[in-house]
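As provided, protein.txt (compact mmCIF, C-alpha atoms) reads as follows.
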# COMPACT_ATOMS: atom_id res chain seq x y z
CA MET V 1 0.00 0.00 0.00
CA HIS V 2 1.38 3.41 -0.94
CA LEU V 3 1.84 5.98 1.82
CA LEU V 4 2.13 9.08 -0.41
CA PRO V 5 -1.62 9.40 -1.16
CA LYS V 6 -2.33 9.10 2.57
CA VAL V 7 0.26 11.77 3.36
CA ILE V 8 -1.21 14.12 0.76
CA ALA V 9 -4.73 13.51 2.05
CA ALA V 10 -3.61 14.10 5.63
CA ALA V 11 -1.90 17.36 4.65
CA LEU V 12 -5.06 18.55 2.89
CA VAL V 13 -7.16 17.70 5.93
CA LEU V 14 -4.75 19.61 8.18
CA VAL V 15 -4.93 22.69 6.01
CA ALA V 16 -8.72 22.62 5.80
CA ALA V 17 -9.43 21.47 9.34
CA PRO V 18 -11.14 23.84 11.75
CA ALA V 19 -8.95 25.65 14.21
CA ILE V 20 -8.01 23.84 17.39
CA ALA V 21 -7.11 25.93 20.42
CA GLN V 22 -3.43 25.62 21.16
CA ASP V 23 -0.62 27.55 22.78
CA HIS V 24 1.35 29.20 20.01
CA SER V 25 3.51 32.13 20.81
CA MET V 26 1.79 34.03 18.01
CA HIS V 27 -1.53 34.26 19.89
CA GLY V 28 -0.67 37.85 20.68
CA GLY V 29 -0.89 38.64 17.00
CA ALA V 30 2.64 38.37 15.70
CA ALA V 31 4.69 35.60 14.20
CA ALA V 32 6.55 33.27 16.51
CA PRO V 33 9.76 34.74 17.97
CA GLU V 34 11.76 32.17 16.01
CA SER V 35 10.33 33.54 12.76
CA LYS V 36 12.94 33.87 10.06
CA LEU V 37 10.81 36.19 7.96
CA PRO V 38 12.26 39.60 7.08
CA ALA V 39 10.77 42.62 8.88
CA ILE V 40 8.96 43.71 5.70
CA CYS V 41 6.87 40.53 6.01
CA LEU V 42 5.85 41.18 9.59
CA GLU V 43 5.08 44.90 9.54
CA ASN V 44 1.31 44.35 9.62
CA ALA V 45 1.21 41.11 11.60
CA LYS V 46 0.86 42.86 14.96
CA GLY V 47 -2.73 42.71 16.10
CA HIS V 48 -3.69 39.81 13.84
CA ASP V 49 -4.68 36.59 15.59
CA MET V 50 -2.63 33.84 13.99
CA SER V 51 -4.11 31.18 16.29
CA ALA V 52 -6.84 30.18 13.84
CA MET V 53 -4.54 27.83 11.97
CA ALA V 54 -5.16 24.08 12.26
CA ALA V 55 -3.06 22.11 14.69
CA ALA V 56 -1.19 18.95 13.83
CA PRO V 57 -2.74 15.83 15.33
CA ALA V 58 -0.89 14.35 18.30
CA GLU V 59 -1.57 10.78 17.29
CA GLY V 60 0.10 8.19 15.09
CA ASP V 61 3.65 6.91 14.95
CA GLU V 62 6.71 9.16 15.23
CA ALA V 63 6.98 9.58 11.45
CA HIS V 64 3.38 10.79 11.10
CA LYS V 65 3.70 13.05 14.14
CA ALA V 66 6.85 14.58 12.66
CA LEU V 67 5.16 15.09 9.31
CA ALA V 68 2.12 16.72 10.90
CA ALA V 69 4.31 18.94 13.10
CA THR V 70 5.77 20.53 9.98
CA MET V 71 2.35 22.04 9.33
CA ASP V 72 2.19 23.73 12.74
CA ALA V 73 5.62 25.24 12.27
CA MET V 74 4.57 26.72 8.93
CA HIS V 75 1.12 28.17 9.58
CA GLY V 76 1.85 31.09 11.90
CA ASP V 77 4.54 32.61 9.72
CA MET V 78 2.47 32.05 6.57
CA ALA V 79 -0.47 33.90 8.06
CA ALA V 80 1.73 36.70 9.43
CA GLY V 81 3.61 37.13 6.16
CA MET V 82 0.44 37.45 4.14
CA THR V 83 -0.56 40.56 6.11
CA ALA V 84 2.00 42.74 4.31
CA THR V 85 0.32 45.78 2.75
CA ASP V 86 1.82 45.28 -0.72
CA ILE V 87 0.12 42.23 -2.30
CA ASP V 88 3.32 41.18 -4.06
CA VAL V 89 5.22 41.30 -0.77
CA ALA V 90 2.37 39.48 0.99
CA PHE V 91 2.48 36.70 -1.62
CA VAL V 92 6.24 36.25 -1.34
CA CYS V 93 6.17 36.48 2.47
CA GLY V 94 3.50 33.79 2.61
CA MET V 95 5.37 31.57 0.19
CA ILE V 96 8.63 31.54 2.16
CA PRO V 97 7.22 29.61 5.14
CA HIS V 98 5.13 27.51 2.74
CA HIS V 99 8.32 26.47 0.95
CA GLN V 100 10.07 25.91 4.28
CA GLY V 101 7.17 23.67 5.28
CA ALA V 102 7.72 21.63 2.11
CA ILE V 103 11.42 21.34 2.96
CA ASP V 104 10.60 20.22 6.50
CA MET V 105 8.11 17.63 5.19
CA ALA V 106 10.72 16.36 2.74
CA LYS V 107 13.27 16.02 5.54
CA VAL V 108 10.77 13.87 7.45
CA GLU V 109 10.45 11.68 4.36
CA LEU V 110 14.23 11.34 4.18
CA GLN V 111 14.36 10.45 7.87
CA TYR V 112 11.54 7.90 7.91
CA GLY V 113 10.67 7.01 4.32
CA LYS V 114 11.79 3.82 2.66
CA ASP V 115 10.60 4.14 -0.94
CA GLU V 116 13.46 5.27 -3.19
CA TRP V 117 11.21 7.27 -5.54
CA ALA V 118 9.60 9.17 -2.66
CA ARG V 119 13.00 9.80 -1.07
CA GLY V 120 14.34 11.06 -4.40
CA MET V 121 11.34 13.37 -4.76
CA ALA V 122 11.93 14.63 -1.22
CA GLN V 123 15.50 15.57 -2.10
CA LYS V 124 14.32 17.32 -5.28
CA VAL V 125 11.80 19.29 -3.20
CA ILE V 126 14.54 20.33 -0.76
CA ASP V 127 16.90 21.43 -3.53
CA ALA V 128 14.26 23.40 -5.46
CA GLN V 129 12.55 24.99 -2.48
CA GLU V 130 15.82 26.11 -0.85
CA GLN V 131 16.81 27.91 -4.05
CA GLU V 132 13.37 29.49 -4.38
CA ILE V 133 13.50 30.70 -0.76
CA ALA V 134 16.89 32.28 -1.46
CA ASP V 135 15.42 33.98 -4.55
CA MET V 136 12.43 35.28 -2.59
CA LEU V 137 14.60 36.60 0.26
CA LYS V 138 16.81 38.41 -2.26
CA TRP V 139 13.73 39.95 -3.91
CA LEU V 140 12.42 41.11 -0.50
CA GLU V 141 15.81 42.57 0.35
CA ASP V 142 15.86 44.49 -2.92
CA LYS V 143 12.23 45.58 -2.42
CA SER V 144 13.06 46.92 1.07
CA LYS V 145 15.74 49.30 -0.27
How does the structure come out when it is put into structure tokens?
Amino acid sequence: MHLLPKVIAAALVLVAAPAIAQDHSMHGGAAAPESKLPAICLENAKGHDMSAMAAAPAEGDEAHKALAATMDAMHGDMAAGMTATDIDVAFVCGMIPHHQGAIDMAKVELQYGKDEWARGMAQKVIDAQEQEIADMLKWLEDKSK
């Protein structure tokens, strides 16, 4: 039985699931302190409640827990980044944590996955998304000048 369709389905459910109350440091309206987003991404995040994002389920084996946890790590910064006034900046700021989430998911696949095709795809995701994050950060830096 193939795990990839189940993983995709689980990710879709997590994204669409109703909010579950949880203790995120962004409840006060800003991205988590460990946010790696540039300041331009966070200028409007203050005062916005980022707690409405779905929580990762705390059930399943370690691999599934790790995969689901990547979603939690991504959501607060995505929501905060998309509050930027300029729609182009908001798009890019939302995409950076989205891409980082993909990288984190791929790293879980490399840690726990056994299928060579899926592991190869995970490495391709990491390579592509890291370069795209670098491109987006450079664009934001240039836009901030």
Pick from V:Cys93, V:Met121, V:Ile103, V:Val108 nearest to V:Asn44, counting all atoms listed in the file: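 Going through V:Cys93, V:Met121, V:Ile103, V:Val108 one by one, the smallest distance to V:Asn44 is for V:Cys93.
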Here atom CA of V:Trp139 and atom CA of V:Asp88 stand apart by 10.5 Å
Counting all atoms listed in the file, I want the residues whose atoms come within 6 Å of (3.8, 43.9, 5.4) in the file frame, returned as a PDB file with C-alpha atoms, in the frame of the given file.
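Full text of out_13.pdb as output:
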ATOM      1  CA  ILE V  40       8.960  43.710   5.700  1.00  0.00           C
ATOM      2  CA  CYS V  41       6.870  40.530   6.010  1.00  0.00           C
ATOM      3  CA  LEU V  42       5.850  41.180   9.590  1.00  0.00           C
ATOM      4  CA  GLU V  43       5.080  44.900   9.540  1.00  0.00           C
ATOM      5  CA  ASN V  44       1.310  44.350   9.620  1.00  0.00           C
ATOM      6  CA  THR V  83      -0.560  40.560   6.110  1.00  0.00           C
ATOM      7  CA  ALA V  84       2.000  42.740   4.310  1.00  0.00           C
ATOM      8  CA  THR V  85       0.320  45.780   2.750  1.00  0.00           C
TER       9      THR V  85
END
Which residue, V:Ala68, V:Met78, V:Leu110, V:Ala122, has the smallest gap to V:Leu37 when you use all atoms listed in the file?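 That would be V:Met78, the residue with the smallest distance to V:Leu37.
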Which residues come within 9 Å of V:Ala63, counting all atoms listed in the file, excluding same-chain residues fewer than 3 positions away, as an NGL selection string? :V and (60 or 66-68 or 108-109 or 111-113)
Quick one: write out the picked residues with C-alpha atoms as an mmCIF file, in the coordinates of the input?
data_model
loop_
_atom_site.group_PDB
_atom_site.id
_atom_site.type_symbol
_atom_site.label_atom_id
_atom_site.label_comp_id
_atom_site.auth_asym_id
_atom_site.auth_seq_id
_atom_site.Cartn_x
_atom_site.Cartn_y
_atom_site.Cartn_z
ATOM 1 C CA GLY V 60 0.100 8.190 15.090
ATOM 2 C CA ALA V 66 6.850 14.580 12.660
ATOM 3 C CA LEU V 67 5.160 15.090 9.310
ATOM 4 C CA ALA V 68 2.120 16.720 10.900
ATOM 5 C CA VAL V 108 10.770 13.870 7.450
ATOM 6 C CA GLU V 109 10.450 11.680 4.360
ATOM 7 C CA GLN V 111 14.360 10.450 7.870
ATOM 8 C CA TYR V 112 11.540 7.900 7.910
ATOM 9 C CA GLY V 113 10.670 7.010 4.320
#
Using atom CA of V:Asp61 and atom CA of V:Lys36 as the two end points, give the distance in Å to one decimal.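 Pair atom CA of V:Asp61 / atom CA of V:Lys36 returns 28.9 Å.
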For a quick check of understanding, using all atoms listed in the file, which of V:His75, V:His99, V:Lys114, V:Lys65 has the smallest distance to V:Leu137?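 Answer, going by the shortest atom-to-atom distance: V:His99.
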Report, in Å with one decimal, the straight-line distance from atom CA of V:His98 to atom CA of V:Ala39. 17.3 Å
With distances taken over all atoms listed in the file, which residue among V:Glu62, V:Val92, V:Ala106, V:Arg119 lies nearest V:Ala134? V:Val92
I need the residue nearest V:Ile96 from this list: V:Ala118, V:Lys143, V:Asp77, V:Ala128. Use only C-alpha atoms for the distance. V:Asp77
Nearest to V:Gln100, chosen from V:Asp115, V:Asp142, V:Glu132, V:Asp86, with only C-alpha atoms counted in the distances: V:Glu132
